[in-house]
Every structure is written in structure tokens, then in C-alpha cells.
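Okay, start_27.pdb now, which holds PDB, C-alpha atoms:
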```pdb
ATOM      1  CA  MET A   1     -68.886 142.488 121.550
ATOM      2  CA  ILE A   2     -71.884 140.306 122.331
ATOM      3  CA  HIS A   3     -74.192 139.344 119.457
ATOM      4  CA  PHE A   4     -77.677 138.123 120.316
ATOM      5  CA  PRO A   5     -79.779 135.771 118.162
ATOM      6  CA  ALA A   6     -81.024 137.441 114.997
ATOM      7  CA  GLN A   7     -84.474 138.962 115.109
ATOM      8  CA  ARG A   8     -87.050 138.365 112.430
ATOM      9  CA  ARG A   9     -86.535 141.885 111.066
ATOM     10  CA  GLY A  10     -83.494 143.959 111.870
ATOM     11  CA  PRO A  11     -83.296 147.752 112.319
ATOM     12  CA  LEU A  12     -81.725 148.196 108.869
ATOM     13  CA  SER A  13     -84.679 146.446 107.249
ATOM     14  CA  ALA A  14     -87.140 148.607 109.183
ATOM     15  CA  LEU A  15     -85.285 151.789 108.218
ATOM     16  CA  SER A  16     -85.238 150.732 104.566
ATOM     17  CA  LEU A  17     -88.997 150.225 104.587
ATOM     18  CA  ARG A  18     -89.565 153.634 106.178
ATOM     19  CA  LEU A  19     -87.250 155.310 103.680
ATOM     20  CA  ALA A  20     -89.090 153.662 100.807
ATOM     21  CA  ALA A  21     -92.421 154.843 102.228
ATOM     22  CA  ALA A  22     -91.136 158.430 102.587
ATOM     23  CA  LEU A  23     -89.819 158.478  99.008
ATOM     24  CA  GLY A  24     -93.100 157.016  97.811
ATOM     25  CA  LEU A  25     -94.976 159.878  99.464
ATOM     26  CA  VAL A  26     -92.683 162.441  97.848
ATOM     27  CA  PHE A  27     -93.210 160.965  94.378
ATOM     28  CA  ALA A  28     -96.978 160.750  94.933
ATOM     29  CA  VAL A  29     -97.162 164.459  95.850
ATOM     30  CA  VAL A  30     -94.919 165.386  92.902
ATOM     31  CA  THR A  31     -97.243 163.489  90.566
ATOM     32  CA  ALA A  32    -100.372 165.188  91.966
ATOM     33  CA  VAL A  33     -98.817 168.674  91.757
ATOM     34  CA  TYR A  34     -97.383 168.123  88.282
ATOM     35  CA  LEU A  35    -100.729 166.951  86.882
ATOM     36  CA  ASP A  36    -102.376 170.144  88.203
ATOM     37  CA  ARG A  37     -99.359 172.457  87.737
ATOM     38  CA  ASP A  38    -101.471 175.105  85.999
ATOM     39  CA  GLY A  39    -103.354 175.652  89.276
ATOM     40  CA  TYR A  40    -100.192 176.763  91.133
ATOM     41  CA  ARG A  41     -98.633 180.214  91.133
ATOM     42  CA  ASP A  42     -94.887 180.752  91.089
ATOM     43  CA  VAL A  43     -93.232 184.035  92.130
ATOM     44  CA  ASN A  44     -91.589 184.100  88.702
ATOM     45  CA  GLU A  45     -94.984 183.512  87.061
ATOM     46  CA  ASP A  46     -93.368 181.306  84.408
ATOM     47  CA  GLY A  47     -95.210 178.116  85.324
ATOM     48  CA  LEU A  48     -94.068 175.024  87.228
ATOM     49  CA  THR A  49     -91.466 172.659  85.847
ATOM     50  CA  LEU A  50     -90.940 169.102  87.090
ATOM     51  CA  LEU A  51     -88.092 170.355  89.278
ATOM     52  CA  ASP A  52     -90.403 172.989  90.749
ATOM     53  CA  CYS A  53     -92.904 170.256  91.570
ATOM     54  CA  PHE A  54     -90.207 168.259  93.390
ATOM     55  CA  TYR A  55     -89.175 171.415  95.245
ATOM     56  CA  TYR A  56     -92.763 172.172  96.277
ATOM     57  CA  ALA A  57     -93.360 168.579  97.413
ATOM     58  CA  VAL A  58     -90.234 168.479  99.579
ATOM     59  CA  VAL A  59     -90.772 171.861 101.294
ATOM     60  CA  SER A  60     -94.461 171.086 101.827
ATOM     61  CA  LEU A  61     -93.936 167.611 103.336
ATOM     62  CA  SER A  62     -91.115 168.856 105.560
ATOM     63  CA  THR A  63     -93.419 171.748 106.731
ATOM     64  CA  THR A  64     -90.780 174.288 105.649
ATOM     65  CA  GLY A  65     -93.205 176.134 103.334
ATOM     66  CA  TYR A  66     -91.284 179.089 101.870
ATOM     67  CA  GLY A  67     -94.425 180.400 100.096
ATOM     68  CA  ASP A  68     -92.742 181.039  96.734
ATOM     69  CA  ILE A  69     -95.077 178.460  95.160
ATOM     70  CA  THR A  70     -98.733 178.566  96.212
ATOM     71  CA  PRO A  71    -101.932 176.832  95.101
ATOM     72  CA  ALA A  72    -104.065 179.417  93.309
ATOM     73  CA  ALA A  73    -106.805 177.452  91.586
ATOM     74  CA  PRO A  74    -109.600 175.772  93.599
ATOM     75  CA  SER A  75    -108.550 172.356  92.276
ATOM     76  CA  ALA A  76    -104.989 172.865  93.514
ATOM     77  CA  ARG A  77    -106.217 173.968  96.934
ATOM     78  CA  LEU A  78    -108.501 170.927  97.099
ATOM     79  CA  VAL A  79    -105.551 168.651  96.338
ATOM     80  CA  ASN A  80    -103.611 170.343  99.153
ATOM     81  CA  VAL A  81    -106.453 169.873 101.627
ATOM     82  CA  LEU A  82    -107.350 166.294 100.731
ATOM     83  CA  PHE A  83    -103.957 164.867  99.751
ATOM     84  CA  VAL A  84    -100.881 167.011 100.490
ATOM     85  CA  THR A  85    -101.807 167.808 104.117
ATOM     86  CA  PRO A  86    -102.505 164.153 105.105
ATOM     87  CA  ALA A  87     -99.305 163.178 103.257
ATOM     88  CA  ARG A  88     -97.409 165.784 105.299
ATOM     89  CA  VAL A  89     -98.710 164.307 108.566
ATOM     90  CA  LEU A  90     -97.841 160.776 107.444
ATOM     91  CA  PHE A  91     -94.379 161.930 106.366
ATOM     92  CA  LEU A  92     -93.721 163.373 109.831
ATOM     93  CA  ILE A  93     -94.963 160.163 111.457
ATOM     94  CA  ILE A  94     -92.480 158.190 109.349
ATOM     95  CA  LEU A  95     -89.585 160.462 110.336
ATOM     96  CA  VAL A  96     -90.435 160.471 114.043
ATOM     97  CA  GLY A  97     -91.179 156.751 113.985
ATOM     98  CA  THR A  98     -87.775 156.006 112.480
ATOM     99  CA  THR A  99     -86.015 157.925 115.245
ATOM    100  CA  LEU A 100     -88.103 156.227 117.905
ATOM    101  CA  GLU A 101     -87.437 152.790 116.432
ATOM    102  CA  VAL A 102     -83.676 153.324 116.451
ATOM    103  CA  LEU A 103     -83.771 154.506 120.074
ATOM    104  CA  THR A 104     -86.107 151.663 121.043
ATOM    105  CA  GLU A 105     -83.831 149.094 119.413
ATOM    106  CA  GLN A 106     -80.830 150.440 121.309
ATOM    107  CA  TYR A 107     -82.789 150.334 124.561
ATOM    108  CA  ARG A 108     -84.043 146.810 123.847
ATOM    109  CA  THR A 109     -80.518 145.581 123.084
ATOM    110  CA  GLY A 110     -79.234 147.093 126.311
ATOM    111  CA  ARG A 111     -82.033 145.439 128.280
ATOM    112  CA  ARG A 112     -81.333 142.057 126.664
ATOM    113  CA  LEU A 113     -77.641 142.392 127.474
ATOM    114  CA  THR A 114     -78.327 143.258 131.123
ATOM    115  CA  ARG A 115     -80.858 140.450 131.485
ATOM    116  CA  TRP A 116     -78.508 137.940 129.837
ATOM    117  CA  ARG A 117     -75.588 138.865 132.083
ATOM    118  CA  LYS A 118     -77.735 138.336 135.177
ATOM    119  CA  SER A 119     -79.160 134.987 134.094
ATOM    120  CA  VAL A 120     -76.280 133.224 132.319
ATOM    121  CA  LYS A 121     -75.130 130.284 134.436
ATOM    122  CA  ASP A 122     -74.328 126.585 133.995
ATOM    123  CA  HIS A 123     -73.951 127.201 130.268
ATOM    124  CA  VAL A 124     -71.673 125.612 127.696
ATOM    125  CA  ILE A 125     -69.133 127.790 125.889
ATOM    126  CA  ILE A 126     -68.173 126.770 122.352
ATOM    127  CA  CYS A 127     -64.820 128.216 121.312
ATOM    128  CA  GLY A 128     -64.911 128.166 117.524
ATOM    129  CA  TYR A 129     -67.976 127.802 115.322
ATOM    130  CA  GLY A 130     -66.502 125.910 112.407
ATOM    131  CA  THR A 131     -67.442 122.376 111.375
ATOM    132  CA  LYS A 132     -66.506 120.880 114.752
ATOM    133  CA  GLY A 133     -68.168 123.664 116.712
ATOM    134  CA  ARG A 134     -71.436 123.403 114.780
ATOM    135  CA  SER A 135     -71.469 119.622 115.213
ATOM    136  CA  ALA A 136     -70.906 120.033 118.963
ATOM    137  CA  VAL A 137     -73.824 122.469 119.179
ATOM    138  CA  SER A 138     -76.051 120.053 117.261
ATOM    139  CA  ALA A 139     -75.160 117.242 119.650
ATOM    140  CA  LEU A 140     -75.902 119.428 122.678
ATOM    141  CA  LEU A 141     -79.287 120.426 121.291
ATOM    142  CA  GLU A 142     -80.124 116.808 120.445
ATOM    143  CA  ASN A 143     -79.449 115.893 124.062
ATOM    144  CA  GLY A 144     -81.944 118.471 125.304
ATOM    145  CA  LEU A 145     -79.749 121.474 126.134
ATOM    146  CA  ASP A 146     -81.578 124.745 125.599
ATOM    147  CA  LYS A 147     -80.145 127.231 123.091
ATOM    148  CA  SER A 148     -80.070 129.926 125.758
ATOM    149  CA  ARG A 149     -77.441 127.885 127.626
ATOM    150  CA  ILE A 150     -74.995 127.818 124.706
ATOM    151  CA  VAL A 151     -72.553 130.677 124.117
ATOM    152  CA  VAL A 152     -70.322 130.793 121.039
ATOM    153  CA  VAL A 153     -66.955 132.574 121.027
ATOM    154  CA  GLU A 154     -65.769 133.297 117.492
ATOM    155  CA  ARG A 155     -63.672 135.848 115.584
ATOM    156  CA  SER A 156     -64.988 135.299 112.068
ATOM    157  CA  PRO A 157     -67.874 137.653 111.143
ATOM    158  CA  ALA A 158     -69.369 135.000 108.843
ATOM    159  CA  SER A 159     -69.361 132.386 111.631
ATOM    160  CA  LEU A 160     -70.839 134.926 114.039
ATOM    161  CA  ARG A 161     -73.724 135.516 111.638
ATOM    162  CA  GLN A 162     -74.281 131.771 111.343
ATOM    163  CA  ALA A 163     -74.357 131.386 115.122
ATOM    164  CA  THR A 164     -76.827 134.212 115.695
ATOM    165  CA  SER A 165     -78.975 132.999 112.786
ATOM    166  CA  ALA A 166     -79.121 129.630 114.542
ATOM    167  CA  GLY A 167     -80.526 131.345 117.629
ATOM    168  CA  LEU A 168     -77.336 131.355 119.701
ATOM    169  CA  VAL A 169     -75.652 134.098 121.692
ATOM    170  CA  ALA A 170     -72.239 134.793 120.163
ATOM    171  CA  ILE A 171     -69.303 136.807 121.493
ATOM    172  CA  GLU A 172     -66.929 138.349 118.981
ATOM    173  CA  GLY A 173     -63.256 137.898 119.810
ATOM    174  CA  SER A 174     -60.496 135.384 120.367
ATOM    175  CA  ALA A 175     -61.046 132.738 123.046
ATOM    176  CA  THR A 176     -57.357 133.006 123.948
ATOM    177  CA  ARG A 177     -58.040 136.403 125.564
ATOM    178  CA  SER A 178     -59.161 136.549 129.178
ATOM    179  CA  SER A 179     -61.413 139.560 128.570
ATOM    180  CA  VAL A 180     -63.403 137.671 125.920
ATOM    181  CA  LEU A 181     -63.842 134.593 128.127
ATOM    182  CA  ASN A 182     -64.877 136.804 131.051
ATOM    183  CA  GLU A 183     -67.476 138.363 128.732
ATOM    184  CA  ALA A 184     -68.788 134.809 128.232
ATOM    185  CA  HIS A 185     -68.927 134.349 132.051
ATOM    186  CA  VAL A 186     -66.540 131.403 131.903
ATOM    187  CA  ARG A 187     -66.400 131.126 135.710
ATOM    188  CA  ASN A 188     -70.125 130.330 135.799
ATOM    189  CA  ALA A 189     -69.981 127.903 132.883
ATOM    190  CA  LYS A 190     -70.710 124.198 133.096
ATOM    191  CA  ALA A 191     -68.207 123.251 130.397
ATOM    192  CA  VAL A 192     -65.978 124.753 127.710
ATOM    193  CA  ILE A 193     -65.696 123.009 124.342
ATOM    194  CA  ILE A 194     -62.585 124.016 122.396
ATOM    195  CA  ALA A 195     -63.118 123.543 118.662
ATOM    196  CA  THR A 196     -60.572 125.901 117.139
ATOM    197  CA  ASP A 197     -58.873 125.418 113.775
ATOM    198  CA  SER A 198     -55.374 124.830 115.170
ATOM    199  CA  ASP A 199     -53.898 122.868 118.059
ATOM    200  CA  ASP A 200     -51.738 125.864 119.040
ATOM    201  CA  ALA A 201     -54.821 127.982 119.614
ATOM    202  CA  SER A 202     -56.531 125.137 121.484
ATOM    203  CA  VAL A 203     -53.616 124.896 123.923
ATOM    204  CA  LEU A 204     -53.727 128.650 124.588
ATOM    205  CA  VAL A 205     -57.500 128.543 125.120
ATOM    206  CA  ALA A 206     -57.192 125.610 127.534
ATOM    207  CA  LEU A 207     -54.480 127.414 129.530
ATOM    208  CA  THR A 208     -56.549 130.601 129.684
ATOM    209  CA  VAL A 209     -59.711 128.778 130.784
ATOM    210  CA  ARG A 210     -57.829 126.838 133.451
ATOM    211  CA  GLN A 211     -56.247 130.038 134.775
ATOM    212  CA  LEU A 212     -59.582 131.862 134.953
ATOM    213  CA  THR A 213     -61.566 129.001 136.488
ATOM    214  CA  ALA A 214     -58.892 127.354 138.647
ATOM    215  CA  GLY A 215     -59.765 124.037 137.032
ATOM    216  CA  GLN A 216     -63.380 124.110 138.270
ATOM    217  CA  VAL A 217     -64.934 124.106 134.787
ATOM    218  CA  ARG A 218     -64.773 121.007 132.595
ATOM    219  CA  ILE A 219     -62.731 121.522 129.417
ATOM    220  CA  ILE A 220     -63.244 119.356 126.329
ATOM    221  CA  ALA A 221     -60.852 119.988 123.453
ATOM    222  CA  ALA A 222     -60.466 118.753 119.908
ATOM    223  CA  ALA A 223     -56.955 118.075 118.595
ATOM    224  CA  ARG A 224     -55.972 117.653 114.983
ATOM    225  CA  GLU A 225     -52.845 115.629 115.750
ATOM    226  CA  ALA A 226     -52.509 112.822 118.307
ATOM    227  CA  GLU A 227     -49.091 114.072 119.466
ATOM    228  CA  ASN A 228     -50.724 117.263 120.745
ATOM    229  CA  ALA A 229     -53.270 115.463 122.929
ATOM    230  CA  PRO A 230     -50.918 115.091 125.965
ATOM    231  CA  LEU A 231     -50.021 118.778 125.710
ATOM    232  CA  LEU A 232     -53.702 119.734 125.744
ATOM    233  CA  LYS A 233     -54.276 117.588 128.831
ATOM    234  CA  GLN A 234     -51.301 119.206 130.563
ATOM    235  CA  SER A 235     -52.802 122.588 129.648
ATOM    236  CA  GLY A 236     -55.984 121.761 131.557
ATOM    237  CA  ALA A 237     -58.248 119.853 129.174
ATOM    238  CA  HIS A 238     -60.170 117.077 130.918
ATOM    239  CA  HIS A 239     -60.992 115.291 127.668
ATOM    240  CA  VAL A 240     -59.211 115.460 124.319
ATOM    241  CA  ILE A 241     -60.696 114.108 121.113
ATOM    242  CA  VAL A 242     -58.201 113.567 118.291
ATOM    243  CA  SER A 243     -60.129 114.169 115.088
ATOM    244  CA  SER A 244     -57.476 112.930 112.660
ATOM    245  CA  ALA A 245     -56.841 109.700 114.593
ATOM    246  CA  THR A 246     -60.567 109.011 114.924
ATOM    247  CA  ALA A 247     -61.110 109.590 111.213
ATOM    248  CA  GLY A 248     -58.133 107.325 110.440
ATOM    249  CA  ARG A 249     -59.537 104.488 112.548
ATOM    250  CA  LEU A 250     -62.896 104.772 110.815
ATOM    251  CA  LEU A 251     -61.167 104.683 107.445
ATOM    252  CA  GLY A 252     -59.325 101.538 108.503
ATOM    253  CA  LEU A 253     -62.525  99.898 109.742
ATOM    254  CA  SER A 254     -64.251 100.707 106.469
ATOM    255  CA  THR A 255     -61.698  98.422 104.758
ATOM    256  CA  SER A 256     -61.350  95.604 107.262
ATOM    257  CA  ALA A 257     -64.891  95.545 108.698
ATOM    258  CA  PRO A 258     -67.279  97.675 106.581
ATOM    259  CA  PRO A 259     -70.461  96.861 108.607
ATOM    260  CA  LEU A 260     -68.890  98.456 111.707
ATOM    261  CA  ILE A 261     -68.905 101.826 109.942
ATOM    262  CA  ASP A 262     -72.676 101.552 109.503
ATOM    263  CA  VAL A 263     -73.037 100.794 113.213
ATOM    264  CA  VAL A 264     -70.882 103.784 114.217
ATOM    265  CA  GLU A 265     -72.792 106.121 111.871
ATOM    266  CA  ASP A 266     -76.075 104.820 113.283
ATOM    267  CA  LEU A 267     -74.901 105.539 116.838
ATOM    268  CA  LEU A 268     -73.715 109.043 115.964
ATOM    269  CA  THR A 269     -76.618 110.078 113.712
ATOM    270  CA  PRO A 270     -79.762 111.115 115.612
ATOM    271  CA  GLY A 271     -83.082 109.532 114.740
ATOM    272  CA  GLN A 272     -81.577 106.727 112.615
ATOM    273  CA  GLY A 273     -82.027 103.750 114.948
ATOM    274  CA  MET A 274     -79.508 103.439 117.785
ATOM    275  CA  ALA A 275     -78.025 106.090 120.033
ATOM    276  CA  LEU A 276     -75.720 106.136 123.043
ATOM    277  CA  ALA A 277     -77.306 107.409 126.250
ATOM    278  CA  MET A 278     -76.423 107.641 129.922
ATOM    279  CA  ARG A 279     -78.628 107.551 133.006
ATOM    280  CA  SER A 280     -78.324 107.053 136.742
ATOM    281  CA  ALA A 281     -78.706 103.556 138.137
ATOM    282  CA  GLU A 282     -82.088 103.025 139.775
ATOM    283  CA  ARG A 283     -82.466 101.718 143.281
ATOM    284  CA  ASP A 284     -83.715  98.266 142.260
ATOM    285  CA  GLU A 285     -80.781  97.903 139.824
ATOM    286  CA  VAL A 286     -78.084  98.297 142.503
ATOM    287  CA  GLY A 287     -76.432  94.949 143.253
ATOM    288  CA  ARG A 288     -77.447  93.396 139.935
ATOM    289  CA  SER A 289     -75.291  92.630 136.935
ATOM    290  CA  PRO A 290     -75.541  95.142 134.075
ATOM    291  CA  ARG A 291     -76.031  92.205 131.692
ATOM    292  CA  GLU A 292     -79.290  91.281 133.437
ATOM    293  CA  LEU A 293     -81.023  94.563 132.642
ATOM    294  CA  ASP A 294     -83.462  95.001 129.786
ATOM    295  CA  ALA A 295     -81.417  97.941 128.493
ATOM    296  CA  LEU A 296     -78.268  97.117 126.551
ATOM    297  CA  VAL A 297     -75.625  98.443 128.979
ATOM    298  CA  ILE A 298     -72.126  98.675 127.505
ATOM    299  CA  ALA A 299     -70.246 100.424 130.341
ATOM    300  CA  LEU A 300     -70.536 102.002 133.791
ATOM    301  CA  VAL A 301     -69.316 105.407 134.926
ATOM    302  CA  ARG A 302     -68.219 105.188 138.564
ATOM    303  CA  ARG A 303     -66.879 108.240 140.370
ATOM    304  CA  GLY A 304     -66.025 109.882 137.070
ATOM    305  CA  LYS A 305     -64.206 106.886 135.584
ATOM    306  CA  VAL A 306     -65.403 104.489 132.902
ATOM    307  CA  VAL A 307     -65.702 100.864 134.010
ATOM    308  CA  THR A 308     -66.151  98.277 131.257
ATOM    309  CA  LEU A 309     -68.282  95.185 131.764
ATOM    310  CA  SER A 310     -65.251  92.975 131.195
ATOM    311  CA  ASP A 311     -63.638  94.393 134.346
ATOM    312  CA  ARG A 312     -64.329  92.692 137.644
ATOM    313  CA  ALA A 313     -65.487  96.026 139.061
ATOM    314  CA  GLY A 314     -68.120  96.204 136.327
ATOM    315  CA  ALA A 315     -69.788  92.931 137.197
ATOM    316  CA  VAL A 316     -72.157  94.541 139.726
ATOM    317  CA  ILE A 317     -73.911  97.899 139.696
ATOM    318  CA  GLU A 318     -73.147 100.074 142.722
ATOM    319  CA  THR A 319     -74.962 103.055 144.215
ATOM    320  CA  GLY A 320     -74.186 106.250 142.299
ATOM    321  CA  ASP A 321     -73.199 104.467 139.077
ATOM    322  CA  MET A 322     -74.143 105.921 135.699
ATOM    323  CA  LEU A 323     -75.211 103.399 133.069
ATOM    324  CA  VAL A 324     -74.002 103.887 129.497
ATOM    325  CA  HIS A 325     -76.497 102.089 127.277
ATOM    326  CA  VAL A 326     -77.771 101.868 123.722
ATOM    327  CA  ARG A 327     -81.302 103.156 123.242
ATOM    328  CA  ASP A 328     -83.766 103.065 120.394
ATOM    329  CA  ASP A 329     -83.559 106.501 118.786
ATOM    330  CA  ARG A 330     -85.910 105.983 115.880
ATOM    331  CA  SER A 331     -88.727 108.497 115.403
ATOM    332  CA  GLN A 332     -91.993 107.067 116.609
ATOM    333  CA  PRO A 333     -94.655 107.149 113.856
ATOM    334  CA  ALA A 334     -97.808 109.076 114.656
ATOM    335  CA  SER A 335    -100.702 106.835 115.669
ATOM    336  CA  THR A 336    -103.652 106.747 113.308
ATOM    337  CA  PRO A 337    -107.185 106.856 114.662
ATOM    338  CA  GLY A 338    -108.952 103.516 114.546
TER     339      GLY A 338
END
```
Can I see the file as C-alpha cells?
Amino acid sequence: MIHFPAQRRGPLSALSLRLAAALGLVFAVVTAVYLDRDGYRDVNEDGLTLLDCFYYAVVSLSTTGYGDITPAAPSARLVNVLFVTPARVLFLIILVGTTLEVLTEQYRTGRRLTRWRKSVKDHVIICGYGTKGRSAVSALLENGLDKSRIVVVERSPASLRQATSAGLVAIEGSATRSSVLNEAHVRNAKAVIIATDSDDASVLVALTVRQLTAGQVRIIAAAREAENAPLLKQSGAHHVIVSSATAGRLLGLSTSAPPLIDVVEDLLTPGQGMALAMRSAERDEVGRSPRELDALVIALVRRGKVVTLSDRAGAVIETGDMLVHVRDDRSQPASTPG
């Protein structure tokens, strides 16, 4: 099942408001009839009780009108003309409007689904919307990827609600199933990020994605244990990030070289000061040393492989190279008028 981003007001909220308005009309008519109950005639001629007033209000607003209770006095007839009849019309509008809104919402959802299926392409699929999945989405958005190009695959109803509340399209189901990944249009995807809670599930997802895409879609997986990283790569993952090993290294650095932790956090936290970025080498930079550039270049990406500046191949920038550099990511203060 595909879940679209949450709307400002859902159908259930709209129905609740309409139901409250209808009940409010009923109680208003009951109050008006009860206050002037002596002006109404009952077939039993024993006067109107509060229950009779409720009965008269309901059959009048629903246009049933059995005629066993009728307004006899001029005041009661005036109340019917000036209040009960307009209330009856409004009551019918509420009922018809509720039906139309439900049908309209179903039609709108169907249209959104059809339009989404036709337009989804070059998107990123996030398998798992836990802590790692949410962090991956945040990083994608910080790098300029539009929300419409992110699709979340998740089984947990709570995580699905979080994803749709964040403005993302979410597909309910297990990413290990081919039918669910096909629903996410995995063959047209740009990349698949596997952020499941277990390495076993990650391996199954990687195998399924590789089978469906014939290895044409980039797969990035997170592993909890370093020993499972080779298995994930054999299953089709192009990149594997070992969360436990990375956390362990950072813990070790925090003891032996505490300032390095601050540098790493600065690089990974947006808007704090420094950030890693990548761009294509410009024409006038080809043939020059990366160390000569104004930007602080720390590595080159050449034909899909990382080349460090300490390597002989990294001494000169070549055509088609991507430059990995550190940029200033601090928020620029707004200029004040002079």
C-alpha cells in the first residue's frame, strides 16, 4: 500500500467536523421546539416531552415528517418557517457534502497515485525509516534532493506515519519482497539505501534489489557488524557502512585525540562550519595540482574510484575528475541596510 504525504486536514477530521455540525443543528432545533412546546400538537394530545422534541427535530431535519407532531400555534409555525426549515436545508447540505467529500478524497487519492506512478524516476529508495533511515533522508535533503524524489519502504505503522508527516511518499511492506520494491519502481531508481534493523534483512534486501535491477541501481547498505560487510558486498551492495565499527573508532578517537571528534562532528553537522562537498573539475583546473586550488581539496574521484592526494595519480587533476573538498557551511548572516 502506498501512503502519500499527510494533508493538512484528513478525511476523518473533516467528517468529525461535519458530524459535530449536524448534531449541533439537532440540539438547536430541540431547544427551540422544547422552549415553545405548548405551541405544538401531539396526536395523543398529552403535550410534548423532551423525547418528543428530539423525535420531532430528527424527523423534521431528515425530511421524513410523519405528521404526528405539528406546529399549531402561530409562534411555533413562525419558528418552523424562520429556523427549522433553514436548519433542514443546512442539515441536508452537511449530509450530501460529507458523501461528496469522501468520494472526492478517494478520487483525489487515485489521481495522485496515477500521477506519481507516471512521474517517479531517478529517485532514492530508503529501506527502513528508523534512526539510520531518518538520518539518511536528512542528509539527502541537505544536499538539495527534493522530497518528491525520496520513497520510504517500511513495515512499521508508526514509522510510516512519521515518513508521511515529513512529506515523504511511503510504501507499506517489507523491502525483502519483490512486489513491494516493484511498487517503489526500483528499476527506475537512482539508488537504494538499506537501513534495516538487522544485517540478515539487509542481505535479503540487497539480493532482491540486485535481482530486480540486474545491478544497474546503486545499493548503499548499513551493517551493524563488520563481519557482515563482505557478505553484503557479495549480495550486491556497492557501498557498505559499518555503524558499530564507525562508532567504535569515534569512541577511540575521543580518548586519544578529543579535538578530532569536534572536527568530525563539524563535518557531519550541517550549518556548523565545515562540510564535505564534491564537484566536477573545471576546465582551467585540469593539469594543475589539487593543492594549488583555493578550495581545500582532500581527494579526487576518478572513474568511480577515490584517489588520495598522497598517491602519485592524485598529484594532477585530469579531465572528468570529481573534487572532494571542504566548504564553508556556516549560515550567512542577513545583511543590514546601511
Open item on the list: Within 12 Å of (-74.3, 91.5, 133.4) (file coordinates; all atoms listed in the file), which protein or nucleic acid residues are there? I'd like them as a list in words.
Closed with: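 In the file's frame, the residues around the point are Glu285, Val286, Gly287, Arg288, Ser289, Pro290, Arg291, Glu292, Leu293, Asp294, Ala295, Leu296, Val297, Ile298, Ala299, Leu300, Thr308, Leu309, Ser310, Asp311, Arg312, Ala313, Gly314, Ala315, Val316, Ile317 and Leu323 of chain A.
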Task: For A:Thr131: contacts at 10 Å, all atoms listed in the file, fewer than 5 positions along chain excluded, given as an NGL selection string - done: :A and (136 or 195-197)
TODO: Given the file shown, determine the residues that the PyMOL selection byres ((chain A and resi 206) around 12) selects; report them as a VMD selection string.
DONE: chain A and resid 127 175 to 178 181 186 191 to 196 199 to 205 207 to 215 217 to 223 229 231 to 240
- [ ] Name the closest residue to A:Asp38 among the candidates A:Val120, A:Val59, A:Ile69, A:Ile94; distances are taken between atoms, counting only C-alpha atoms.
- [x]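 When distances to A:Asp38 are compared using only C-alpha atoms, the smallest one comes from A:Ile69.
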TODO: Identify all residues satisfying the PyMOL selection byres ((chain A and resi 62) around 12) in the given file; provide them as a VMD selection string.
DONE: chain A and resid 22 25 to 26 55 to 61 63 to 66 84 to 85 87 to 96
Based on the selection just made, write C-alpha atoms of those residues as a short mmCIF file (atom, residue, chain, number, x, y, z; two decimals), in the frame of the given file.
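The file below, out10.cif, is the result:
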```
data_model
loop_
_atom_site.label_atom_id
_atom_site.label_comp_id
_atom_site.auth_asym_id
_atom_site.auth_seq_id
_atom_site.Cartn_x
_atom_site.Cartn_y
_atom_site.Cartn_z
CA ALA A 22 -91.14 158.43 102.59
CA LEU A 25 -94.98 159.88 99.46
CA VAL A 26 -92.68 162.44 97.85
CA TYR A 55 -89.18 171.42 95.24
CA TYR A 56 -92.76 172.17 96.28
CA ALA A 57 -93.36 168.58 97.41
CA VAL A 58 -90.23 168.48 99.58
CA VAL A 59 -90.77 171.86 101.29
CA SER A 60 -94.46 171.09 101.83
CA LEU A 61 -93.94 167.61 103.34
CA THR A 63 -93.42 171.75 106.73
CA THR A 64 -90.78 174.29 105.65
CA GLY A 65 -93.20 176.13 103.33
CA TYR A 66 -91.28 179.09 101.87
CA VAL A 84 -100.88 167.01 100.49
CA THR A 85 -101.81 167.81 104.12
CA ALA A 87 -99.30 163.18 103.26
CA ARG A 88 -97.41 165.78 105.30
CA VAL A 89 -98.71 164.31 108.57
CA LEU A 90 -97.84 160.78 107.44
CA PHE A 91 -94.38 161.93 106.37
CA LEU A 92 -93.72 163.37 109.83
CA ILE A 93 -94.96 160.16 111.46
CA ILE A 94 -92.48 158.19 109.35
CA LEU A 95 -89.58 160.46 110.34
CA VAL A 96 -90.44 160.47 114.04
#
```
- [ ] Could you jot down the atom CA of A:Val81 to atom CA of A:Ala20 separation for me, Å, one decimal place?
- [x]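 Going from atom CA of A:Val81 over to atom CA of A:Ala20, I get 23.8 Å.
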Open item on the list: Show me, as number ranges by chain, the residues that have an atom within 7 Å of A:Val124 when counting all atoms listed in the file, minus same-chain residues fewer than 5 positions from it.
Closed with: A: 149-151, 189-192
So that I have them on file, write out the residues from the current selection with C-alpha atoms, as a compact mmCIF listing (two decimals), in the frame of the given file.
```txt
# COMPACT_ATOMS: atom_id res chain seq x y z
CA ARG A 149 -77.44 127.88 127.63
CA ILE A 150 -75.00 127.82 124.71
CA VAL A 151 -72.55 130.68 124.12
CA ALA A 189 -69.98 127.90 132.88
CA LYS A 190 -70.71 124.20 133.10
CA ALA A 191 -68.21 123.25 130.40
CA VAL A 192 -65.98 124.75 127.71
```
Task: atom CA of A:Asp122 to atom CA of A:Lys147, straight-line distance in Å - done: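 Between these atoms lies a distance of 12.4 Å.
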